[in-house]
$ cat input_25.cif   # mmCIF, C-alpha atoms
data_upload
loop_
_atom_site.label_atom_id
_atom_site.label_comp_id
_atom_site.auth_asym_id
_atom_site.auth_seq_id
_atom_site.Cartn_x
_atom_site.Cartn_y
_atom_site.Cartn_z
CA PHE A 12 2.21 -9.96 94.68
CA ILE A 13 -1.35 -9.19 95.79
CA GLY A 14 -3.35 -11.07 98.40
CA ASP A 15 -7.09 -10.49 98.67
CA GLY A 16 -7.42 -11.94 102.16
CA ASN A 17 -9.56 -14.87 101.07
CA SER A 18 -6.82 -17.46 100.60
CA GLY A 19 -5.51 -18.12 104.11
CA SER A 20 -1.79 -17.29 104.31
CA PRO A 21 -0.32 -17.27 100.77
CA ARG A 22 3.45 -17.03 100.46
CA PHE A 23 5.70 -15.86 97.63
CA TYR A 24 8.95 -17.83 97.80
CA ILE A 25 12.24 -16.54 96.42
CA ASP A 26 14.44 -19.60 96.15
CA GLY A 27 18.21 -19.50 96.42
CA ASP A 28 21.11 -20.28 98.69
CA TRP A 29 20.40 -17.61 101.29
CA GLU A 30 22.50 -17.06 104.39
CA ASN A 31 23.62 -13.49 105.16
CA VAL A 32 21.10 -11.26 103.42
CA GLU A 33 19.44 -7.90 103.08
CA PHE A 34 15.83 -8.67 102.11
CA THR A 35 13.85 -5.62 101.00
CA ALA A 36 10.25 -5.18 99.86
CA TYR A 37 7.52 -2.56 99.91
CA GLY A 38 4.20 -3.61 101.39
CA LYS A 39 0.81 -1.92 101.53
CA TYR A 40 -1.74 -3.10 104.07
CA VAL A 41 -5.00 -2.18 102.36
CA ARG A 42 -7.71 -3.56 104.66
CA ASP A 43 -8.71 -6.24 107.10
CA ILE A 44 -10.67 -9.20 105.71
CA ASN A 45 -10.64 -11.88 108.39
CA PRO A 46 -7.80 -10.51 110.47
CA LEU A 47 -5.68 -12.75 112.67
CA SER A 48 -3.54 -11.80 115.65
CA TYR A 49 -0.46 -11.93 113.39
CA SER A 50 -1.89 -10.16 110.33
CA GLY A 51 0.29 -7.38 108.98
CA LEU A 52 3.38 -7.11 106.76
CA THR A 53 5.77 -10.05 107.04
CA LEU A 54 9.17 -10.93 105.56
CA VAL A 55 10.85 -14.28 106.28
CA ALA A 56 14.52 -15.10 105.70
CA ARG A 57 16.93 -18.03 106.09
CA SER A 58 14.09 -20.52 105.74
CA GLY A 59 13.29 -23.82 104.05
CA HIS A 60 9.56 -23.37 104.49
CA ALA A 61 8.64 -24.31 100.93
CA THR A 62 9.27 -28.00 101.71
CA TYR A 63 7.56 -28.17 105.13
CA ALA A 64 4.87 -30.57 103.83
CA SER A 65 7.46 -33.32 103.39
CA ASP A 66 9.86 -32.15 106.11
CA PRO A 67 8.27 -30.04 108.88
CA CYS A 68 11.71 -29.32 110.37
CA SER A 69 12.74 -27.50 107.18
CA ALA A 70 10.30 -24.67 107.97
CA ALA A 71 12.75 -23.12 110.45
CA GLY A 72 13.31 -19.45 109.65
CA TYR A 73 13.41 -15.87 110.92
CA TYR A 74 10.40 -13.53 110.67
CA ALA A 75 10.31 -9.72 110.58
CA ARG A 76 6.82 -8.33 110.95
CA ILE A 77 4.73 -5.20 111.42
CA TYR A 78 1.53 -6.12 113.25
CA ALA A 79 -1.53 -4.53 111.66
CA ASP A 80 -3.58 -4.09 114.81
CA SER A 81 -0.95 -2.82 117.25
CA GLY A 82 1.55 -1.24 114.85
CA GLU A 83 4.36 -3.04 116.67
CA VAL A 84 7.48 -4.19 114.84
CA ALA A 85 8.72 -7.65 115.77
CA PHE A 86 10.97 -10.61 115.18
CA GLN A 87 10.02 -14.25 115.62
CA LYS A 88 11.72 -17.59 114.98
CA GLU A 89 9.91 -20.58 113.53
CA TYR A 90 11.26 -23.99 114.53
CA TYR A 91 8.76 -26.45 113.06
CA HIS A 92 5.63 -26.44 110.88
CA ASP A 93 3.27 -29.42 110.82
CA THR A 94 -0.39 -29.73 109.94
CA GLY A 95 -0.74 -32.77 112.22
CA ASP A 96 -0.90 -33.26 115.96
CA ILE A 97 2.27 -31.33 116.83
CA GLY A 98 1.29 -28.25 114.86
CA LYS A 99 3.55 -25.20 114.58
CA VAL A 100 6.42 -24.41 116.91
CA TYR A 101 7.64 -20.82 117.26
CA SER A 102 9.61 -18.69 119.68
CA ASN A 103 7.89 -15.84 121.44
CA SER A 104 7.88 -12.67 119.37
CA ILE A 105 10.29 -9.87 120.29
CA ARG A 106 8.19 -6.72 119.89
CA LYS A 107 8.68 -2.98 119.97
CA ASN A 108 6.13 -0.18 119.65
CA PHE A 109 6.35 1.85 116.46
CA PHE A 110 3.12 2.85 114.67
CA ASP A 111 0.69 4.29 117.22
CA GLY A 112 -2.85 3.16 116.47
CA GLY A 113 -1.84 0.34 114.14
CA ILE A 114 -0.21 0.05 110.75
CA PRO A 115 -1.14 2.89 108.33
CA ARG A 116 -3.71 1.58 105.87
CA ASP A 117 -3.32 1.82 102.10
CA THR A 118 0.22 3.21 102.46
CA TRP A 119 3.43 1.82 101.00
CA ILE A 120 5.97 0.94 103.70
CA GLY A 121 9.47 -0.23 102.84
CA MET A 122 10.82 -3.08 104.95
CA LYS A 123 14.50 -4.01 104.92
CA PHE A 124 15.29 -7.19 106.88
CA ILE A 125 19.03 -7.61 107.48
CA LEU A 126 20.18 -10.94 108.87
CA TYR A 127 23.68 -12.31 109.33
CA THR A 128 25.74 -14.66 111.46
CA VAL A 129 28.12 -12.66 113.62
CA PRO A 130 31.67 -13.65 112.53
CA GLY A 131 33.35 -16.12 114.85
CA THR A 132 30.13 -16.98 116.70
CA ASN A 133 26.97 -19.06 116.48
CA SER A 134 24.82 -15.96 117.03
CA VAL A 135 22.59 -14.31 114.43
CA GLN A 136 22.00 -10.54 114.23
CA LEU A 137 18.56 -9.38 113.06
CA GLU A 138 17.77 -5.81 112.00
CA LEU A 139 14.59 -4.24 110.65
CA TRP A 140 14.76 -0.93 108.78
CA LEU A 141 11.73 0.98 107.47
CA ASP A 142 11.20 3.57 104.74
CA GLN A 143 8.00 5.62 104.70
CA THR A 144 8.80 7.72 101.61
CA ASN A 145 7.84 5.10 98.96
CA LYS A 146 11.43 5.03 97.65
CA THR A 147 11.79 8.80 97.18
CA ASP A 148 15.46 9.43 96.38
CA GLY A 149 16.21 5.81 97.27
CA GLY A 150 14.25 5.95 100.51
CA GLU A 151 14.90 7.29 103.99
CA TRP A 152 15.75 4.13 105.89
CA ILE A 153 15.49 4.10 109.69
CA LEU A 154 16.61 1.27 111.97
CA VAL A 155 13.51 0.49 114.06
CA HIS A 156 14.32 -2.86 115.69
CA GLN A 157 17.22 -5.23 116.28
CA TYR A 158 17.88 -8.45 118.16
CA LEU A 159 20.80 -10.84 118.64
CA ASP A 160 19.79 -14.51 118.64
CA GLU A 161 22.35 -16.12 120.94
CA GLU A 162 22.35 -19.74 122.03
CA GLY A 163 19.66 -20.31 124.64
CA SER A 164 18.26 -16.77 124.45
CA TRP A 165 15.22 -17.47 122.26
CA PRO A 166 13.65 -20.84 123.10
CA ALA A 167 10.61 -22.43 121.50
CA ASN A 168 7.17 -21.96 123.05
CA LYS A 169 6.62 -25.72 123.12
CA PRO A 170 8.84 -28.79 122.59
CA VAL A 171 10.68 -29.08 119.28
CA PRO A 172 10.44 -32.68 117.98
CA ASP A 173 13.58 -34.78 118.41
CA SER A 174 13.57 -35.37 114.65
CA CYS A 175 14.70 -31.76 114.12
CA SER A 176 18.43 -32.22 114.53
CA VAL A 177 19.63 -29.11 112.68
CA VAL A 178 17.64 -26.42 114.52
CA THR A 179 17.00 -27.60 118.07
CA ASP A 180 15.37 -25.70 120.91
CA GLY A 181 17.24 -22.50 121.74
CA LYS A 182 19.69 -22.77 118.86
CA ALA A 183 20.15 -20.08 116.25
CA ILE A 184 19.35 -20.93 112.64
CA LEU A 185 22.77 -21.18 111.00
CA GLY A 186 24.10 -21.71 107.49
CA PRO A 187 22.44 -21.17 104.13
CA ARG A 188 18.76 -22.04 103.66
CA ASP A 189 16.61 -22.53 100.58
CA SER A 190 14.26 -19.56 100.57
CA CYS A 191 13.15 -16.12 101.63
CA PHE A 192 9.49 -15.24 101.27
CA LEU A 193 6.75 -12.63 101.50
CA ARG A 194 3.63 -13.56 103.43
CA ILE A 195 0.01 -12.37 103.62
CA ASP A 196 -2.39 -13.35 106.41
CA ALA A 197 -6.16 -13.02 105.97
CA SER A 198 -5.99 -9.40 104.81
CA GLU A 199 -5.71 -7.48 101.56
CA VAL A 200 -1.99 -6.75 101.19
CA HIS A 201 0.02 -5.65 98.15
CA TRP A 202 3.77 -6.20 97.74
CA LYS A 203 6.16 -4.66 95.21
CA ASP A 204 9.87 -4.11 94.52
CA ALA A 205 11.20 -7.15 96.36
CA SER A 206 14.95 -7.71 96.25
CA ILE A 207 17.56 -9.77 98.06
CA ARG A 208 21.22 -8.85 98.41
CA ARG A 209 23.87 -11.16 99.77
CA ILE A 210 26.01 -9.36 102.32
CA ASP A 211 29.41 -9.97 103.87
CA PRO A 212 29.23 -9.54 107.66
CA THR A 213 33.02 -9.31 107.94
CA THR A 214 32.97 -5.99 106.04
CA ASN A 215 30.11 -4.20 107.79
CA GLY A 216 27.46 -5.73 105.57
CA ALA A 217 28.98 -4.88 102.21
CA VAL A 218 26.87 -6.21 99.33
CA ILE A 219 28.48 -9.05 97.39
CA SER A 220 25.65 -9.85 94.95
CA ASN A 221 22.12 -8.78 94.04
CA ILE A 222 19.00 -10.74 93.19
CA SER A 223 15.87 -8.78 92.26
CA ASN A 224 12.33 -9.93 91.65
#
$ encode --input "input_25.cif" --output "structure tokens"
Amino acid sequence: FIGDGNSGSPRFYIDGDWENVEFTAYGKYVRDINPLSYSGLTLVARSGHATYASDPCSAAGYYARIYADSGEVAFQKEYYHDTGDIGKVYSNSIRKNFFDGGIPRDTWIGMKFILYTVPGTNSVQLELWLDQTNKTDGGEWILVHQYLDEEGSWPANKPVPDSCSVVTDGKAILGPRDSCFLRIDASEVHWKDASIRRIDPTTNGAVISNISN
């Protein structure tokens, strides 16, 4: 999946019945084209974003991102996506410094986004692991960021419409959703080796099935 930076924010959707997942892909940020504040490498999980045009509430999902300009790693939650008057509704991003001086250009970086509902709760654990070896010997994966989305801990940055009854302000995104996706924002970015594994959070994230693309 290659984006040349001239097509806005193209997305590559991987449809399924995704709930507790390990979403892995290797991204290469080649160069800025018309960079935005959120340009970088982005994975999105537990989302229904593909149908936002007919149902803006379905866009709710969790983002894992490496910002190109700052080199920070981050999580963000989308609540709503509309092209009309309301626009897009997100949480604030939870950021952590990682790459000094910005994301390395023209370099393959492995991203592993692990997301699961903590058993017996309505809280969602997010983890971002990175590999900078381009899969040498399976990769050298390092946990670089984590966050627990508990009720009320991660509110929206503006009102969520009352029509969104499933994911309301401050609530975690629970249950299976229709898609995971790769995203490119106004930059030349290459993606390869994307895969999704369903995991069982009751057994320390043991894999229960694999889907590769």
$ atom_distance --input "input_25.cif" --atom1 "CA of Ser104 (chain A)" --atom2 "CA of Tyr127 (chain A)"
18.7 Å
$ residues_around --input "input_25.cif" --residues "His60 (chain A)" --least-positions-apart "4" --cutoff "12 Å" --atoms "all atoms listed in the file" --output "NGL selection string"
:A and (22-26 or 55-56 or 64-74 or 89-93 or 99 or 188-194)
$ resolve_selection --input "input_25.cif" --expression "the PyMOL selection byres ((chain A and resi 35) around 9)" --output "PyMOL selection string"
chain A and resi 33-34+36-37+54+121-125+204-208
$ atom_distance --input "input_25.cif" --atom1 "CA of Ser58 (chain A)" --atom2 "CA of Lys39 (chain A)"
23.2 Å
$ closest_atom_pairs --input "input_25.cif" --of "region 50-72 of chain A" --to "region 195-203 of chain A" --cutoff "9 Å" --atoms "all atoms listed in the file" --output "JSON lines"
{"residue": "A:Ser50", "atom": "CA", "partner": "A:Asp196", "partner_atom": "CA", "distance": 5.1}
{"residue": "A:Gly51", "atom": "CA", "partner": "A:Asp196", "partner_atom": "CA", "distance": 7.0}
{"residue": "A:Leu52", "atom": "CA", "partner": "A:Ile195", "partner_atom": "CA", "distance": 7.0}
{"residue": "A:Thr53", "atom": "CA", "partner": "A:Ile195", "partner_atom": "CA", "distance": 7.1}
$ resolve_selection --input "input_25.cif" --expression "the PyMOL selection byres ((chain A and resi 106) around 7)" --output "list in words"
Glu83, Val84, Ala85, Phe86, Ser104, Ile105, Lys107 and Asn108 of chain A
$ atom_distance --input "input_25.cif" --atom1 "CA of Thr132 (chain A)" --atom2 "CA of Trp165 (chain A)"
15.9 Å
$ residues_near_point --input "input_25.cif" --point "(21.1, -5.8, 116.3)" --cutoff "12 Å" --atoms "all atoms listed in the file" --output "PyMOL selection string"
chain A and resi 86+124-129+134-140+154-161
$ resolve_selection --input "input_25.cif" --expression "the PyMOL selection byres ((chain A and resi 115) around 12)" --output "PyMOL selection string"
chain A and resi 38-43+51-52+77-83+109-114+116-120+143
$ residues_around --input "input_25.cif" --residues "Pro166 (chain A)" --least-positions-apart "3" --cutoff "7 Å" --atoms "all atoms listed in the file" --output "number ranges by chain"
A: 102, 163, 180-181
$ axis_aligned_box --input "input_25.cif" --around "region 148-152 of chain A" --padding-each-side "5 Å" --output "AutoDock Vina command-line options"
--center_x 15.2 --center_y 6.8 --center_z 101.1 --size_x 12.0 --size_y 15.3 --size_z 19.5
$ build_atoms --input "input_25.cif" --residues "region 149-174 of chain A" --atoms "N, CA and C atoms" --output "PDB file, in the frame of the given file"
ATOM      1  N   GLY A 149      15.628   7.041  96.736  1.00  0.00           N
ATOM      2  CA  GLY A 149      16.210   5.810  97.270  1.00  0.00           C
ATOM      3  C   GLY A 149      15.687   5.424  98.638  1.00  0.00           C
ATOM      4  N   GLY A 150      14.834   6.249  99.216  1.00  0.00           N
ATOM      5  CA  GLY A 150      14.250   5.950 100.510  1.00  0.00           C
ATOM      6  C   GLY A 150      15.010   6.581 101.662  1.00  0.00           C
ATOM      7  N   GLU A 151      14.303   6.773 102.767  1.00  0.00           N
ATOM      8  CA  GLU A 151      14.900   7.290 103.990  1.00  0.00           C
ATOM      9  C   GLU A 151      14.795   6.181 105.040  1.00  0.00           C
ATOM     10  N   TRP A 152      15.805   5.355 105.098  1.00  0.00           N
ATOM     11  CA  TRP A 152      15.750   4.130 105.890  1.00  0.00           C
ATOM     12  C   TRP A 152      16.141   4.401 107.345  1.00  0.00           C
ATOM     13  N   ILE A 153      15.298   3.911 108.251  1.00  0.00           N
ATOM     14  CA  ILE A 153      15.490   4.100 109.690  1.00  0.00           C
ATOM     15  C   ILE A 153      15.522   2.730 110.362  1.00  0.00           C
ATOM     16  N   LEU A 154      16.534   2.506 111.191  1.00  0.00           N
ATOM     17  CA  LEU A 154      16.610   1.270 111.970  1.00  0.00           C
ATOM     18  C   LEU A 154      15.574   1.347 113.094  1.00  0.00           C
ATOM     19  N   VAL A 155      14.594   0.428 113.081  1.00  0.00           N
ATOM     20  CA  VAL A 155      13.510   0.490 114.060  1.00  0.00           C
ATOM     21  C   VAL A 155      13.542  -0.659 115.065  1.00  0.00           C
ATOM     22  N   HIS A 156      14.303  -1.713 114.777  1.00  0.00           N
ATOM     23  CA  HIS A 156      14.320  -2.860 115.690  1.00  0.00           C
ATOM     24  C   HIS A 156      15.548  -3.705 115.396  1.00  0.00           C
ATOM     25  N   GLN A 157      16.123  -4.294 116.451  1.00  0.00           N
ATOM     26  CA  GLN A 157      17.220  -5.230 116.280  1.00  0.00           C
ATOM     27  C   GLN A 157      17.246  -6.227 117.425  1.00  0.00           C
ATOM     28  N   TYR A 158      17.810  -7.391 117.148  1.00  0.00           N
ATOM     29  CA  TYR A 158      17.880  -8.450 118.160  1.00  0.00           C
ATOM     30  C   TYR A 158      19.023  -9.386 117.799  1.00  0.00           C
ATOM     31  N   LEU A 159      19.722  -9.873 118.825  1.00  0.00           N
ATOM     32  CA  LEU A 159      20.800 -10.840 118.640  1.00  0.00           C
ATOM     33  C   LEU A 159      20.322 -12.189 119.160  1.00  0.00           C
ATOM     34  N   ASP A 160      20.208 -13.156 118.258  1.00  0.00           N
ATOM     35  CA  ASP A 160      19.790 -14.510 118.640  1.00  0.00           C
ATOM     36  C   ASP A 160      21.024 -15.300 119.065  1.00  0.00           C
ATOM     37  N   GLU A 161      21.240 -15.364 120.377  1.00  0.00           N
ATOM     38  CA  GLU A 161      22.350 -16.120 120.940  1.00  0.00           C
ATOM     39  C   GLU A 161      21.841 -17.462 121.465  1.00  0.00           C
ATOM     40  N   GLU A 162      22.745 -18.414 121.580  1.00  0.00           N
ATOM     41  CA  GLU A 162      22.350 -19.740 122.030  1.00  0.00           C
ATOM     42  C   GLU A 162      21.637 -19.666 123.382  1.00  0.00           C
ATOM     43  N   GLY A 163      20.441 -20.261 123.418  1.00  0.00           N
ATOM     44  CA  GLY A 163      19.660 -20.310 124.640  1.00  0.00           C
ATOM     45  C   GLY A 163      18.824 -19.086 124.932  1.00  0.00           C
ATOM     46  N   SER A 164      18.957 -18.023 124.135  1.00  0.00           N
ATOM     47  CA  SER A 164      18.260 -16.770 124.450  1.00  0.00           C
ATOM     48  C   SER A 164      16.832 -16.720 123.904  1.00  0.00           C
ATOM     49  N   TRP A 165      16.493 -17.590 122.966  1.00  0.00           N
ATOM     50  CA  TRP A 165      15.220 -17.470 122.260  1.00  0.00           C
ATOM     51  C   TRP A 165      14.596 -18.849 122.078  1.00  0.00           C
ATOM     52  N   PRO A 166      14.154 -19.473 123.168  1.00  0.00           N
ATOM     53  CA  PRO A 166      13.650 -20.840 123.100  1.00  0.00           C
ATOM     54  C   PRO A 166      12.289 -20.937 122.423  1.00  0.00           C
ATOM     55  N   ALA A 167      11.917 -22.152 122.087  1.00  0.00           N
ATOM     56  CA  ALA A 167      10.610 -22.430 121.500  1.00  0.00           C
ATOM     57  C   ALA A 167       9.521 -22.343 122.566  1.00  0.00           C
ATOM     58  N   ASN A 168       8.283 -22.080 122.110  1.00  0.00           N
ATOM     59  CA  ASN A 168       7.170 -21.960 123.050  1.00  0.00           C
ATOM     60  C   ASN A 168       6.514 -23.292 123.380  1.00  0.00           C
ATOM     61  N   LYS A 169       7.000 -24.363 122.749  1.00  0.00           N
ATOM     62  CA  LYS A 169       6.620 -25.720 123.120  1.00  0.00           C
ATOM     63  C   LYS A 169       7.694 -26.650 122.569  1.00  0.00           C
ATOM     64  N   PRO A 170       7.727 -27.923 122.966  1.00  0.00           N
ATOM     65  CA  PRO A 170       8.840 -28.790 122.590  1.00  0.00           C
ATOM     66  C   PRO A 170       9.043 -28.910 121.074  1.00  0.00           C
ATOM     67  N   VAL A 171      10.302 -28.837 120.670  1.00  0.00           N
ATOM     68  CA  VAL A 171      10.680 -29.080 119.280  1.00  0.00           C
ATOM     69  C   VAL A 171      10.884 -30.590 119.128  1.00  0.00           C
ATOM     70  N   PRO A 172      10.280 -31.229 118.130  1.00  0.00           N
ATOM     71  CA  PRO A 172      10.440 -32.680 117.980  1.00  0.00           C
ATOM     72  C   PRO A 172      11.907 -33.093 117.888  1.00  0.00           C
ATOM     73  N   ASP A 173      12.212 -34.256 118.438  1.00  0.00           N
ATOM     74  CA  ASP A 173      13.580 -34.780 118.410  1.00  0.00           C
ATOM     75  C   ASP A 173      14.082 -35.004 116.995  1.00  0.00           C
ATOM     76  N   SER A 174      13.169 -35.145 116.052  1.00  0.00           N
ATOM     77  CA  SER A 174      13.570 -35.370 114.650  1.00  0.00           C
ATOM     78  C   SER A 174      14.242 -34.156 114.040  1.00  0.00           C
TER      79      SER A 174
END
